[in-house]
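Everything below belongs to work_28.cif, which stores mmCIF, C-alpha atoms.
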data_upload
loop_
_atom_site.group_PDB
_atom_site.id
_atom_site.type_symbol
_atom_site.label_atom_id
_atom_site.label_comp_id
_atom_site.auth_asym_id
_atom_site.auth_seq_id
_atom_site.Cartn_x
_atom_site.Cartn_y
_atom_site.Cartn_z
ATOM 1 C CA MET A 1 -32.817 -10.464 97.571
ATOM 2 C CA THR A 2 -31.423 -14.002 97.601
ATOM 3 C CA LEU A 3 -28.713 -15.135 99.982
ATOM 4 C CA THR A 4 -26.353 -15.639 97.017
ATOM 5 C CA THR A 5 -26.977 -12.066 95.875
ATOM 6 C CA GLN A 6 -26.416 -10.735 99.401
ATOM 7 C CA LYS A 7 -23.127 -12.634 99.695
ATOM 8 C CA THR A 8 -21.989 -11.431 96.278
ATOM 9 C CA ILE A 9 -22.714 -7.817 97.218
ATOM 10 C CA ALA A 10 -20.850 -8.251 100.512
ATOM 11 C CA ARG A 11 -17.861 -9.705 98.632
ATOM 12 C CA ILE A 12 -17.914 -6.844 96.138
ATOM 13 C CA LEU A 13 -17.753 -4.299 98.954
ATOM 14 C CA LYS A 14 -15.042 -6.210 100.813
ATOM 15 C CA VAL A 15 -12.833 -6.577 97.731
ATOM 16 C CA ASN A 16 -13.348 -2.992 96.613
ATOM 17 C CA HIS A 17 -12.636 -1.564 100.054
ATOM 18 C CA ALA A 18 -9.446 -3.626 100.366
ATOM 19 C CA GLY A 19 -8.342 -2.653 96.860
ATOM 20 C CA GLU A 20 -8.820 1.034 97.566
ATOM 21 C CA TYR A 21 -6.871 0.643 100.797
ATOM 22 C CA GLY A 22 -4.022 -0.979 98.866
ATOM 23 C CA ALA A 23 -4.129 1.798 96.263
ATOM 24 C CA ILE A 24 -3.871 4.394 99.025
ATOM 25 C CA ARG A 25 -0.705 2.717 100.266
ATOM 26 C CA ILE A 26 0.780 2.529 96.740
ATOM 27 C CA TYR A 27 0.089 6.179 95.982
ATOM 28 C CA ARG A 28 1.278 7.370 99.405
ATOM 29 C CA ALA A 29 4.634 5.640 98.932
ATOM 30 C CA GLN A 30 4.933 6.957 95.388
ATOM 31 C CA LEU A 31 4.013 10.471 96.487
ATOM 32 C CA TRP A 32 6.491 10.380 99.358
ATOM 33 C CA THR A 33 9.274 9.405 96.947
ATOM 34 C CA ALA A 34 8.147 11.642 94.069
ATOM 35 C CA ARG A 35 8.564 14.753 96.190
ATOM 36 C CA TRP A 36 12.321 14.229 95.839
ATOM 37 C CA LEU A 37 12.740 12.229 92.645
ATOM 38 C CA GLN A 38 9.821 13.142 90.332
ATOM 39 C CA PRO A 39 8.321 16.424 91.541
ATOM 40 C CA ASP A 40 6.336 16.797 88.318
ATOM 41 C CA LEU A 41 4.296 13.701 89.346
ATOM 42 C CA VAL A 42 3.270 15.205 92.694
ATOM 43 C CA PRO A 43 0.044 16.870 91.394
ATOM 44 C CA PHE A 44 -1.148 13.645 89.709
ATOM 45 C CA LEU A 45 -0.256 11.467 92.702
ATOM 46 C CA THR A 46 -1.828 13.915 95.173
ATOM 47 C CA GLU A 47 -5.089 14.055 93.229
ATOM 48 C CA THR A 48 -5.149 10.293 92.664
ATOM 49 C CA LEU A 49 -4.474 9.626 96.334
ATOM 50 C CA SER A 50 -7.364 11.903 97.327
ATOM 51 C CA HIS A 51 -9.654 9.962 94.961
ATOM 52 C CA GLU A 52 -8.585 6.616 96.425
ATOM 53 C CA ILE A 53 -9.115 7.855 99.994
ATOM 54 C CA ASP A 54 -12.631 8.983 99.050
ATOM 55 C CA HIS A 55 -13.374 5.660 97.288
ATOM 56 C CA CYS A 56 -12.163 3.682 100.311
ATOM 57 C CA ARG A 57 -14.355 5.771 102.624
ATOM 58 C CA ARG A 58 -17.413 5.335 100.407
ATOM 59 C CA PHE A 59 -17.007 1.555 100.246
ATOM 60 C CA ARG A 60 -16.416 1.373 104.013
ATOM 61 C CA GLU A 61 -19.557 3.399 104.684
ATOM 62 C CA SER A 62 -21.583 1.071 102.430
ATOM 63 C CA MET A 63 -20.448 -2.082 104.237
ATOM 64 C CA GLY A 64 -22.764 -1.722 107.236
ATOM 65 C CA ALA A 65 -25.929 -1.870 105.173
ATOM 66 C CA TYR A 66 -24.815 -5.239 103.768
ATOM 67 C CA LYS A 67 -23.528 -6.681 107.051
ATOM 68 C CA THR A 68 -19.953 -7.034 105.897
ATOM 69 C CA ARG A 69 -16.675 -5.853 107.326
ATOM 70 C CA PRO A 70 -13.174 -5.215 105.994
ATOM 71 C CA CYS A 71 -11.111 -8.213 104.994
ATOM 72 C CA HIS A 72 -8.830 -9.810 107.574
ATOM 73 C CA ALA A 73 -5.731 -9.282 105.451
ATOM 74 C CA MET A 74 -5.588 -5.485 105.443
ATOM 75 C CA TRP A 75 -1.987 -5.793 106.633
ATOM 76 C CA LEU A 76 -1.250 -7.599 103.346
ATOM 77 C CA TRP A 77 -2.698 -4.731 101.319
ATOM 78 C CA SER A 78 -0.868 -2.204 103.473
ATOM 79 C CA THR A 79 2.561 -3.801 103.367
ATOM 80 C CA ARG A 80 2.511 -4.908 99.743
ATOM 81 C CA GLY A 81 0.974 -1.659 98.586
ATOM 82 C CA TRP A 82 3.638 0.422 100.317
ATOM 83 C CA VAL A 83 6.488 -1.772 99.038
ATOM 84 C CA LEU A 84 5.113 -1.746 95.490
ATOM 85 C CA GLY A 85 4.637 2.020 95.545
ATOM 86 C CA LEU A 86 8.108 2.643 96.935
ATOM 87 C CA ALA A 87 9.822 0.220 94.541
ATOM 88 C CA THR A 88 8.132 1.615 91.441
ATOM 89 C CA ALA A 89 8.762 5.206 92.499
ATOM 90 C CA LEU A 90 12.454 4.441 93.013
ATOM 91 C CA MET A 91 12.576 2.904 89.513
ATOM 92 C CA GLY A 92 11.346 6.152 88.001
ATOM 93 C CA ARG A 93 8.468 7.928 86.347
ATOM 94 C CA ASN A 94 7.808 5.219 83.770
ATOM 95 C CA ALA A 95 7.635 2.539 86.451
ATOM 96 C CA VAL A 96 5.060 4.633 88.334
ATOM 97 C CA MET A 97 2.988 4.881 85.150
ATOM 98 C CA ALA A 98 3.348 1.121 84.481
ATOM 99 C CA CYS A 99 2.235 0.352 88.039
ATOM 100 C CA THR A 100 -0.740 2.703 87.759
ATOM 101 C CA ALA A 101 -1.751 1.271 84.374
ATOM 102 C CA ALA A 102 -1.564 -2.297 85.686
ATOM 103 C CA VAL A 103 -3.488 -1.688 88.917
ATOM 104 C CA GLU A 104 -6.133 0.547 87.372
ATOM 105 C CA GLY A 105 -6.520 -1.852 84.432
ATOM 106 C CA LYS A 106 -7.383 -4.690 86.815
ATOM 107 C CA VAL A 107 -9.684 -2.425 88.813
ATOM 108 C CA HIS A 108 -11.462 -1.294 85.648
ATOM 109 C CA ARG A 109 -12.203 -4.895 84.606
ATOM 110 C CA HIS A 110 -13.514 -5.834 88.058
ATOM 111 C CA LEU A 111 -15.687 -2.722 88.300
ATOM 112 C CA ASP A 112 -17.233 -3.350 84.878
ATOM 113 C CA GLU A 113 -18.225 -6.877 85.947
ATOM 114 C CA GLN A 114 -19.620 -5.613 89.232
ATOM 115 C CA ILE A 115 -21.651 -2.846 87.619
ATOM 116 C CA ALA A 116 -23.179 -5.285 85.112
ATOM 117 C CA PHE A 117 -24.271 -7.513 88.000
ATOM 118 C CA LEU A 118 -25.461 -4.720 90.294
ATOM 119 C CA MET A 119 -27.546 -3.032 87.609
ATOM 120 C CA ARG A 120 -29.820 -6.077 87.834
ATOM 121 C CA VAL A 121 -30.058 -6.219 91.634
ATOM 122 C CA ASN A 122 -28.996 -2.965 93.336
ATOM 123 C CA ASP A 123 -29.133 0.331 91.434
ATOM 124 C CA PRO A 124 -27.742 2.561 94.234
ATOM 125 C CA LEU A 125 -24.643 0.391 94.643
ATOM 126 C CA ALA A 126 -24.249 0.132 90.846
ATOM 127 C CA ASP A 127 -24.389 3.948 90.702
ATOM 128 C CA LEU A 128 -21.789 4.268 93.477
ATOM 129 C CA ILE A 129 -19.377 1.956 91.668
ATOM 130 C CA ALA A 130 -20.057 3.607 88.291
ATOM 131 C CA ASP A 131 -19.238 6.984 89.834
ATOM 132 C CA ILE A 132 -15.978 5.663 91.296
ATOM 133 C CA ARG A 133 -15.172 3.931 88.003
ATOM 134 C CA ILE A 134 -15.053 7.326 86.239
ATOM 135 C CA GLN A 135 -12.082 8.430 88.326
ATOM 136 C CA GLU A 136 -10.370 5.040 88.071
ATOM 137 C CA ILE A 137 -10.570 5.303 84.265
ATOM 138 C CA GLU A 138 -9.045 8.797 84.470
ATOM 139 C CA HIS A 139 -6.107 7.357 86.417
ATOM 140 C CA LEU A 140 -5.713 4.568 83.866
ATOM 141 C CA GLU A 141 -5.873 6.921 80.878
ATOM 142 C CA PHE A 142 -3.399 9.348 82.460
ATOM 143 C CA ALA A 143 -0.906 6.538 83.032
ATOM 144 C CA ARG A 144 -1.341 4.964 79.603
ATOM 145 C CA ALA A 145 -0.914 8.323 77.866
ATOM 146 C CA ARG A 146 2.439 8.846 79.597
ATOM 147 C CA LEU A 147 3.721 5.279 79.643
ATOM 148 C CA LYS A 148 6.694 4.557 77.431
ATOM 149 C CA GLU A 149 6.617 0.939 76.287
ATOM 150 C CA THR A 150 9.850 -0.723 77.342
ATOM 151 C CA THR A 151 10.808 -4.202 78.403
ATOM 152 C CA LEU A 152 10.887 -3.006 82.011
ATOM 153 C CA SER A 153 7.456 -1.370 81.810
ATOM 154 C CA ARG A 154 5.948 -4.536 80.305
ATOM 155 C CA LEU A 155 7.535 -6.622 83.075
ATOM 156 C CA ILE A 156 6.236 -4.253 85.741
ATOM 157 C CA GLU A 157 2.731 -4.307 84.251
ATOM 158 C CA ALA A 158 2.733 -8.106 84.079
ATOM 159 C CA PHE A 159 4.101 -8.522 87.614
ATOM 160 C CA VAL A 160 1.777 -5.916 89.129
ATOM 161 C CA GLY A 161 -1.225 -7.343 87.289
ATOM 162 C CA ILE A 162 -0.541 -10.855 88.543
ATOM 163 C CA ALA A 163 0.270 -9.607 92.041
ATOM 164 C CA THR A 164 -2.930 -7.543 92.147
ATOM 165 C CA GLU A 165 -5.085 -10.515 91.174
ATOM 166 C CA GLY A 166 -3.198 -12.705 93.656
ATOM 167 C CA VAL A 167 -3.556 -10.373 96.618
ATOM 168 C CA ILE A 168 -7.251 -9.919 95.829
ATOM 169 C CA TRP A 169 -7.724 -13.666 95.872
ATOM 170 C CA LEU A 170 -5.604 -14.255 98.988
ATOM 171 C CA SER A 171 -7.059 -11.423 101.012
ATOM 172 C CA THR A 172 -10.595 -12.648 100.441
ATOM 173 C CA GLN A 173 -9.576 -16.261 101.066
ATOM 174 C CA GLY A 174 -10.898 -17.222 97.670
ATOM 175 C CA ALA A 175 -14.105 -15.215 98.030
ATOM 176 C CA VAL A 176 -13.249 -13.348 94.829
ATOM 177 C CA THR A 177 -13.571 -16.640 92.933
ATOM 178 C CA ARG A 178 -16.986 -17.251 94.499
ATOM 179 C CA MET A 179 -17.916 -13.633 93.824
ATOM 180 C CA GLU A 180 -16.994 -13.952 90.141
ATOM 181 C CA ARG A 181 -18.997 -17.189 89.907
ATOM 182 C CA GLY A 182 -21.926 -15.385 91.520
ATOM 183 C CA LEU A 183 -21.612 -12.552 89.030
ATOM 184 C CA ARG A 184 -21.741 -14.995 86.117
ATOM 185 C CA ARG A 185 -24.701 -16.976 87.531
ATOM 186 C CA LEU A 186 -26.990 -14.017 88.140
#
Turn the structure described in the file into structure tokens.
Amino acid sequence: MTLTTQKTIARILKVNHAGEYGAIRIYRAQLWTARWLQPDLVPFLTETLSHEIDHCRRFRESMGAYKTRPCHAMWLWSTRGWVLGLATALMGRNAVMACTAAVEGKVHRHLDEQIAFLMRVNDPLADLIADIRIQEIEHLEFARARLKETTLSRLIEAFVGIATEGVIWLSTQGAVTRMERGLRRL
């Protein structure tokens, strides 16, 4: 395995672990609020949160084999995730669905790119991500099926999408750009 491939795999794990950590914070804040304001969302948020916790654990466990560690900006994922989850939950059910659709849509795109790369260099890691991707698509489809298109929901999706890409880039200190270049080269 080349050094470039090793670095790309390490970046994939770092970004995915951080993203799952951020998702945990979003869903925890939404769940905390939904218990009072949208009790019908509690089953979805509880199940989704359990998936994200499992995904985060699986990525963390995989990091050792590739000599990588969590990103230095976990506080950024924690704080912004919690604030985003709380804000969207306070805005209502549709805002929760818009947030979920935006985050999971970005995740889905990144995972597809990663799987395409890993299928050429690391089948076990490609299989791990493909397995996780199944649940992420379920989250996305659930949200899209319940999302009512409004000006506010489109604004939330746009803001959350941009913010998600931005925090990914910032938390990896630009490594996501190098990772994406590595994915295209190989």
Computed interatomic separation between atom CA of A:Ala73 and atom CA of A:Leu3 (Å): 24.3 Å
Who sits within 9 Å of A:Ala116, all atoms listed in the file, same chain under 4 positions skipped, as number ranges by chain: A: 111-112, 120, 126, 183
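As for atom CA of A:Gly166 and atom CA of A:Leu125, they are spaced 25.1 Å apart.
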The PyMOL selection byres ((chain A and resi 95) around 10) resolved against shown file, as number ranges by chain: A: 85, 87-94, 96-101, 147-148, 150, 152-157
Shortest interatomic distance to A:Arg144 - which of A:Met74, A:Val103, A:Pro124, A:Ala163, counting only C-alpha atoms: A:Val103
Atom CA of A:Ala18 to atom CA of A:His72, straight-line distance in Å: 9.5 Å
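With only C-alpha atoms as the atoms that count, the minimum distance from A:Leu45 to the choices A:Leu13, A:Glu61, A:His139, A:Ala102 is reached by A:His139.
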Protein/DNA/RNA residues near (-23.9, -6.5, 92.5), cut 12 Å, all atoms listed in the file, as a PyMOL selection string: chain A and resi 1-2+4-13+16+66+110-130+179-180+182-186
Reference answer for the PyMOL selection byres ((chain A and resi 50-56) around 12), as a PyMOL selection string: chain A and resi 13-28+31+43-49+57-63+70+104+107+128-139
Can you complete the atoms of stretch 92-103 of chain A to all heavy atoms and list them as a short mmCIF file (atom, residue, chain, number, x, y, z; two decimals), in the coordinates of the input?
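What landed in rebuild26.cif:
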data_model
loop_
_atom_site.label_atom_id
_atom_site.label_comp_id
_atom_site.auth_asym_id
_atom_site.auth_seq_id
_atom_site.Cartn_x
_atom_site.Cartn_y
_atom_site.Cartn_z
N GLY A 92 11.53 5.01 88.88
CA GLY A 92 11.35 6.15 88.00
C GLY A 92 9.93 6.36 87.54
O GLY A 92 9.02 5.57 87.78
N ARG A 93 9.77 7.47 86.84
CA ARG A 93 8.47 7.93 86.35
C ARG A 93 7.75 6.86 85.53
O ARG A 93 6.56 6.64 85.70
CB ARG A 93 8.70 9.19 85.51
CG ARG A 93 7.52 9.79 84.84
CD ARG A 93 7.89 11.07 84.10
NE ARG A 93 8.32 12.11 85.05
CZ ARG A 93 9.60 12.38 85.37
NH1 ARG A 93 10.58 11.72 84.82
NH2 ARG A 93 9.88 13.33 86.24
N ASN A 94 8.46 6.21 84.63
CA ASN A 94 7.81 5.22 83.77
C ASN A 94 7.32 4.01 84.57
O ASN A 94 6.28 3.44 84.27
CB ASN A 94 8.74 4.78 82.64
CG ASN A 94 7.98 4.30 81.44
OD1 ASN A 94 7.04 4.93 80.98
ND2 ASN A 94 8.38 3.15 80.92
N ALA A 95 8.05 3.65 85.60
CA ALA A 95 7.64 2.54 86.45
C ALA A 95 6.38 2.91 87.23
O ALA A 95 5.48 2.07 87.43
CB ALA A 95 8.76 2.13 87.41
N VAL A 96 6.28 4.16 87.65
CA VAL A 96 5.06 4.63 88.33
C VAL A 96 3.87 4.53 87.38
O VAL A 96 2.79 4.05 87.75
CB VAL A 96 5.23 6.08 88.86
CG1 VAL A 96 3.90 6.66 89.33
CG2 VAL A 96 6.27 6.12 89.97
N MET A 97 4.06 4.95 86.14
CA MET A 97 2.99 4.88 85.15
C MET A 97 2.63 3.43 84.83
O MET A 97 1.45 3.09 84.67
CB MET A 97 3.36 5.63 83.87
CG MET A 97 3.50 7.13 84.04
SD MET A 97 1.98 7.95 84.59
CE MET A 97 2.47 8.51 86.22
N ALA A 98 3.61 2.55 84.74
CA ALA A 98 3.35 1.12 84.48
C ALA A 98 2.57 0.51 85.63
O ALA A 98 1.62 -0.26 85.42
CB ALA A 98 4.66 0.37 84.26
N CYS A 99 2.94 0.85 86.86
CA CYS A 99 2.24 0.35 88.04
C CYS A 99 0.78 0.84 88.04
O CYS A 99 -0.15 0.06 88.24
CB CYS A 99 2.96 0.81 89.30
SG CYS A 99 2.16 0.33 90.84
N THR A 100 0.60 2.13 87.79
CA THR A 100 -0.74 2.70 87.76
C THR A 100 -1.58 2.05 86.67
O THR A 100 -2.74 1.67 86.91
CB THR A 100 -0.68 4.23 87.55
OG1 THR A 100 0.07 4.80 88.63
CG2 THR A 100 -2.06 4.85 87.49
N ALA A 101 -1.01 1.89 85.48
CA ALA A 101 -1.75 1.27 84.37
C ALA A 101 -2.16 -0.15 84.72
O ALA A 101 -3.28 -0.58 84.43
CB ALA A 101 -0.91 1.30 83.09
N ALA A 102 -1.26 -0.90 85.34
CA ALA A 102 -1.56 -2.30 85.69
C ALA A 102 -2.66 -2.38 86.75
O ALA A 102 -3.63 -3.13 86.59
CB ALA A 102 -0.30 -3.01 86.16
N VAL A 103 -2.51 -1.63 87.82
CA VAL A 103 -3.49 -1.69 88.92
C VAL A 103 -4.85 -1.19 88.44
O VAL A 103 -5.87 -1.86 88.62
CB VAL A 103 -3.00 -0.88 90.14
CG1 VAL A 103 -4.12 -0.72 91.17
CG2 VAL A 103 -1.78 -1.52 90.77
#
